[in-house]
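**Q** The structure's right below; bear with me while I get my questions together.
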Amino acid sequence: MEVLRQFISLVNPLSDNSWKMLSECCTLRRYNEGDFVLRQGAIGTDLYFVKEGLLRNFYDKGHKEISEWFTFEKSFCFSIMSYFEGTPSYLAIQCLEDSEVISISGEGFMKLQKCNFEIANFAFFLISRSLILSQQRMLSIQFETALQRYEKLLDEHPTILHRVPLHYIASYLGITPETLSRIRNQIH
């Protein structure tokens with residue numbers, strides 16, 4: 001749990017009392033590569049912090065999987081619509097590697113936000129960060145070329161090519177695997 005506390009301290013330090021209350025809502029879970037943290041159609045009640053490993057957030061559209069995001073170590077993910085609306089998740093979250101994930105109970109976290117200002121501030125950070133990343137992703141898809149999106153992804157996550165299958169990366173970039181191959185041949 002110390003990794004989570006260190007991460008939170010970087011963005012919104014919590015007093016010992018607030019940390020104690022939050023940690024009571026946390027559960028460390030270990031997953032094997034291929035395991036689902038959240039299945040599509042399940043209600044995403046929790047927030048997930050990746051202590052170790054790598055997760056892929058994706059949608060299943062018919063028989064085609066569309067990668068929305070990759071959650072690396074020391075990052076959060078959750079199914080936003082499912083979490084706030086209590087509806088079945090369109091998003092699935094799957095481990096691409098053996099992973100250790102800290103689940104924060106959504107019910108407990110929401111209760112704490114109502115009575116603890118520090119935790120409410122942290123919740124605001126998580127929600128605003130999620131909105132910013134979603135808007136950045138949309139702007140990237142709308143205004144950047146596939147090559148620019150690929151180069152940006154490599155800059156932000158230099159190890160991604162060693163950790164994520166290329167067809168998942170192509171899906172994330174909104175291109176075919178063949179187009180990704182041509183882009184890679186251009187710059188490598």
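Ligands are numbered from 1 in the order shown, residues from 1 within each chain, and chains are lettered A, B, ... in the order they appear in the structure tokens.
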Please give the complete set of residues from stretch 39-112 of chain A that DSSP, run on the backbone, assigns to alpha helix (DSSP H), formatted as a ChimeraX atom specification.

**A** /A:80-85,106-112

**Q** Export, as a PDB file, in the first residue's frame, the selected residues with C-alpha atoms.

**A**
```pdb
ATOM      1  CA  ILE A  80     -16.067   6.083 -15.566  1.00  0.00           C
ATOM      2  CA  MET A  81     -19.659   5.684 -16.773  1.00  0.00           C
ATOM      3  CA  SER A  82     -20.210   2.460 -14.879  1.00  0.00           C
ATOM      4  CA  TYR A  83     -18.662   3.859 -11.700  1.00  0.00           C
ATOM      5  CA  PHE A  84     -20.796   7.003 -11.607  1.00  0.00           C
ATOM      6  CA  GLU A  85     -24.019   5.682 -13.128  1.00  0.00           C
ATOM      7  CA  GLY A 106     -16.165   2.842  -4.805  1.00  0.00           C
ATOM      8  CA  GLU A 107     -18.807   2.746  -2.103  1.00  0.00           C
ATOM      9  CA  GLY A 108     -16.297   3.381   0.665  1.00  0.00           C
ATOM     10  CA  PHE A 109     -14.462   6.031  -1.359  1.00  0.00           C
ATOM     11  CA  MET A 110     -17.689   7.946  -2.050  1.00  0.00           C
ATOM     12  CA  LYS A 111     -18.633   7.860   1.640  1.00  0.00           C
ATOM     13  CA  LEU A 112     -15.211   9.202   2.600  1.00  0.00           C
TER      14      LEU A 112
END
```

**Q** Counting only C-alpha atoms, give me one row per residue of stretch 20-139 of chain A with an atom at most 10 Å from an atom of stretch 7-10 of chain A, showing the shortest contact pair and its distance in Å to one decimal, sorted by chain then residue number, as JSON lines.

**A**
```
{"residue": "A:Phe49", "atom": "CA", "partner": "A:Phe7", "partner_atom": "CA", "distance": 9.8}
{"residue": "A:Lys74", "atom": "CA", "partner": "A:Phe7", "partner_atom": "CA", "distance": 6.9}
{"residue": "A:Ser75", "atom": "CA", "partner": "A:Phe7", "partner_atom": "CA", "distance": 8.5}
{"residue": "A:Ile119", "atom": "CA", "partner": "A:Ile8", "partner_atom": "CA", "distance": 9.9}
{"residue": "A:Phe122", "atom": "CA", "partner": "A:Ile8", "partner_atom": "CA", "distance": 7.6}
{"residue": "A:Phe125", "atom": "CA", "partner": "A:Ile8", "partner_atom": "CA", "distance": 9.9}
```

**Q** At what distance in Å, to one decimal, does atom CA of A:His157 lie from atom CA of A:Ser89?

**A**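 Atom CA of A:His157 lies 26.6 Å from atom CA of A:Ser89.
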
**Q** Could you find all residues in chain A that DSSP calls strand (DSSP E or B) from the backbone, and write them as a count of residues only?

**A** 48

**Q** May I ask for the distance between atom CA of A:Arg184 and atom CA of A:Tyr150, given in Å to one decimal place?

**A**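 Interatomic distance, atom CA of A:Arg184 to atom CA of A:Tyr150: 8.8 Å.
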
**Q** Rounded to one decimal in Å, what is the spacing between atom CA of A:Ser140 and atom CA of A:His162?

**A**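 Result for atom CA of A:Ser140 versus atom CA of A:His162: 23.0 Å, one decimal.
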
**Q** For A:Trp19, list every protein, DNA or RNA residue within 12 Å, evaluated using only C-alpha atoms, and leave out those in the same chain fewer than 2 positions away; present the list as number ranges by chain.

**A** A: 1-2, 4-6, 8-9, 12-17, 21-26, 109, 112, 116, 118-119, 122

**Q** Here is a test: counting only C-alpha atoms, which residue of A:Thr159, A:Ser99, A:Thr87, A:Ser130 is nearest to A:Gly53?

**A**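 Of A:Thr159, A:Ser99, A:Thr87, A:Ser130, the one nearest A:Gly53 is A:Ser99, counting only C-alpha atoms.
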
**Q** Check the smallest atom-to-atom distance from each of A:Leu153, A:Ala123, A:Leu131, A:Val164 to A:Leu96 using only C-alpha atoms, then report the winner.

**A**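 Among the listed residues, A:Val164 lies closest to A:Leu96.
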
**Q** With only C-alpha atoms as the atoms that count, which of A:Arg182, A:Val50, A:Asn32, A:Ser79 lies nearest to A:Leu147?

**A**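 Of A:Arg182, A:Val50, A:Asn32, A:Ser79, the one nearest A:Leu147 is A:Arg182, counting only C-alpha atoms.
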